[in-house]
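Down below is the structure, laid out as structure tokens.
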Amino acid sequence: MRASRTFDILYVMNKNTLFLIALSTLSVLANAEDKPKPTPEMIKPEVTLSEADWKKRLTDEQYAVTRQAATERPYGAIYEEFEKQGEGTYYCICCGVELFTSKEKFHSGCGWPSFYDASTAKNVLERVDHSAGMRRVETLCKRCGAHLGHVFEGESVSANTPTKRRFCINGVALNYVEKGGKAPELLELTNAAVEKKKEEVAKEAGVEVQKP
Ligand SMILES: [Zn+2]
């Protein structure tokens with residue numbers, strides 16, 4: 001009798017444990033779906049400057065949008081310019097890396113520059129953003145972490161584009177250079193990043209790095 005009772009208790013415990021494990025697995029899966037695995041680049045961009053240095057390089061509006069994730073006013077002067085721009089390339093205003101070209105540009109009528117894809121996908125990061133009380137996918141410059149805007153899917157405005165996606169980008173985050181123009185210079189890596197890279201390369205080659 002006692003043995004059977006012990007067995008019952010163990011059985012109930014196991015059932016509960018299994019239930020709890022199942023629940024926590026589901027919760028982990030749900031979270032995993034919502035939070036894409038952060039890549040090292042997401043955590044630490046290649047180019048890192050102090051806030052004071054970014055402020056020196058950018059206008060107040062560029063700083064607010066790219067470094068503080070603000071949103072520019074829709075249908076502003078920059079949007080009107082964007083609508084008139086012809087063939088060309090759009091570079092990151094902060095670090096100069098290529099992000100979009102006029103080939104992926106389309107007229108969405110939303111009031112912000114719209115592209116259906118990034119010209120160089122490896123330069124644009126996407127991550128889930130829960131700010132402003134909604135779930136959106138934020139887009140950032142992979143090289144310097146600049147906030148660019150958001151990407152939306154399944155809307156009627158982008159239904160006729162090859163990707164059916166709308167990269168809704170703040171115009172102030174972009175540096176437009178018309179076709180045939182000179183690309184902006186890439187912002188140098190910080191000294192700390194350069195030193196780290198040297199160490200990584202040396203480590204791979206099996207060389208001891210001499211530190212001062
Ligand atoms: Zn950048």
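Every chain in the structure tokens has a letter given in the order shown (A, B, ...), and although residue numbers restart at 1 in each chain, ligands are simply numbered from 1 in the order shown.
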
Residues of chain A at most 6 Å from ligand 1: nearest atom pair and distance in Å, only C-alpha atoms and all ligand atoms, as a tab-separated table:
```
residue	atom	partner	partner_atom_place_in_ligand_line	distance
A:Cys92	CA	ligand 1	1 (Zn)	4.6
A:Cys94	CA	ligand 1	1 (Zn)	4.9
A:Cys95	CA	ligand 1	1 (Zn)	4.1
A:Val97	CA	ligand 1	1 (Zn)	5.8
A:Cys141	CA	ligand 1	1 (Zn)	4.6
A:Arg143	CA	ligand 1	1 (Zn)	5.1
A:Cys144	CA	ligand 1	1 (Zn)	4.2
A:Ala146	CA	ligand 1	1 (Zn)	5.4
```

For C-alpha atoms, I'd like the residues from the last selection saved as a PDB file, in the first residue's frame.
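Ended up saving to out_35.pdb:
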```pdb
ATOM      1  CA  CYS A  92      24.752  55.094 -44.117  1.00  0.00           C
ATOM      2  CA  CYS A  94      26.980  57.601 -39.914  1.00  0.00           C
ATOM      3  CA  CYS A  95      29.636  55.258 -41.302  1.00  0.00           C
ATOM      4  CA  VAL A  97      28.595  51.827 -45.868  1.00  0.00           C
ATOM      5  CA  CYS A 141      23.248  49.519 -40.142  1.00  0.00           C
ATOM      6  CA  ARG A 143      28.537  48.212 -39.466  1.00  0.00           C
ATOM      7  CA  CYS A 144      27.815  51.009 -36.978  1.00  0.00           C
ATOM      8  CA  ALA A 146      22.661  53.193 -36.754  1.00  0.00           C
TER       9      ALA A 146
END
```

For range 158-199 of chain A versus range 101-111 of chain A, which residues have an atom no more than 12 Å away, and what is each residue's nearest atom pair and distance in Å rounded to one decimal, using only C-alpha atoms, chain-then-number order, as a tab-separated table?
```
residue	atom	partner	partner_atom	distance
A:Ser158	CA	A:Ser108	CA	7.1
A:Ala159	CA	A:Ser108	CA	10.4
A:Asn160	CA	A:Phe106	CA	10.1
A:Thr161	CA	A:Phe106	CA	8.2
A:Pro162	CA	A:Glu104	CA	9.3
A:Thr163	CA	A:Glu104	CA	9.9
A:Lys164	CA	A:Phe106	CA	11.3
A:Arg165	CA	A:Glu104	CA	10.6
A:Arg166	CA	A:Ser108	CA	8.1
A:Phe167	CA	A:Lys105	CA	9.2
A:Cys168	CA	A:Cys110	CA	8.2
A:Ile169	CA	A:Gly111	CA	9.8
A:Asn170	CA	A:Gly111	CA	9.6
A:Gly171	CA	A:Gly111	CA	10.0
A:Leu174	CA	A:Thr101	CA	10.7
A:Asn175	CA	A:Thr101	CA	10.9
A:Tyr176	CA	A:Thr101	CA	8.8
A:Val177	CA	A:Thr101	CA	9.4
A:Glu178	CA	A:Ser102	CA	9.2
A:Lys179	CA	A:Ser102	CA	9.4
```

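You will find CA of Ser156 in chain A at 26.7 Å from CA of Val65 in chain A.
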
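A straight line drawn from CA of Asn123 in chain A to CA of Phe100 in chain A is 9.3 Å long.
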
Inset, instruction - Enumerate the residues of range 30-196 of chain A with a DSSP assignment of strand (DSSP E or B), computed from the backbone, and present them as number ranges by chain. - result: A: 88-92, 98-101, 105, 114-115, 124-129, 136-141, 147-153, 165-169, 174-178

Inset, instruction - Please return as a PyMOL selection string: the residues of range 57-178 of chain A that backbone DSSP assigns to helix (DSSP H, G or I). - result: chain A and resi 57+60-68+77-84+102-104+121-123+131-133+171-173

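Take the candidates A:Ala69, A:Ala52, A:Gly181, A:Val172 and check each one against Leu140 in chain A using only C-alpha atoms; the shortest distance goes to A:Ala69.
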
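Using only C-alpha atoms, the smallest distance between any of A:Val124, A:Met134, A:Thr71, A:Ser50 and Tyr91 in chain A comes from A:Val124.
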
Legend entry - Given only C-alpha atoms as the counted atoms, nearest of A:Ala173, A:Val137, A:Ala70, A:Val128 to Leu58 in chain A: A:Ala173

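Neighbours of range 79-86 of chain A closer than or equal to 6 Å, with only C-alpha atoms counted and sequence neighbours fewer than 3 positions away skipped, come out as Tyr75, Gly76 and Trp112 of chain A.
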
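For the residues A:Pro113, A:Gly180, A:Gly154, A:Gly145, ranking by smallest atom-to-atom distance to Leu49 in chain A using only C-alpha atoms places A:Gly145 first.
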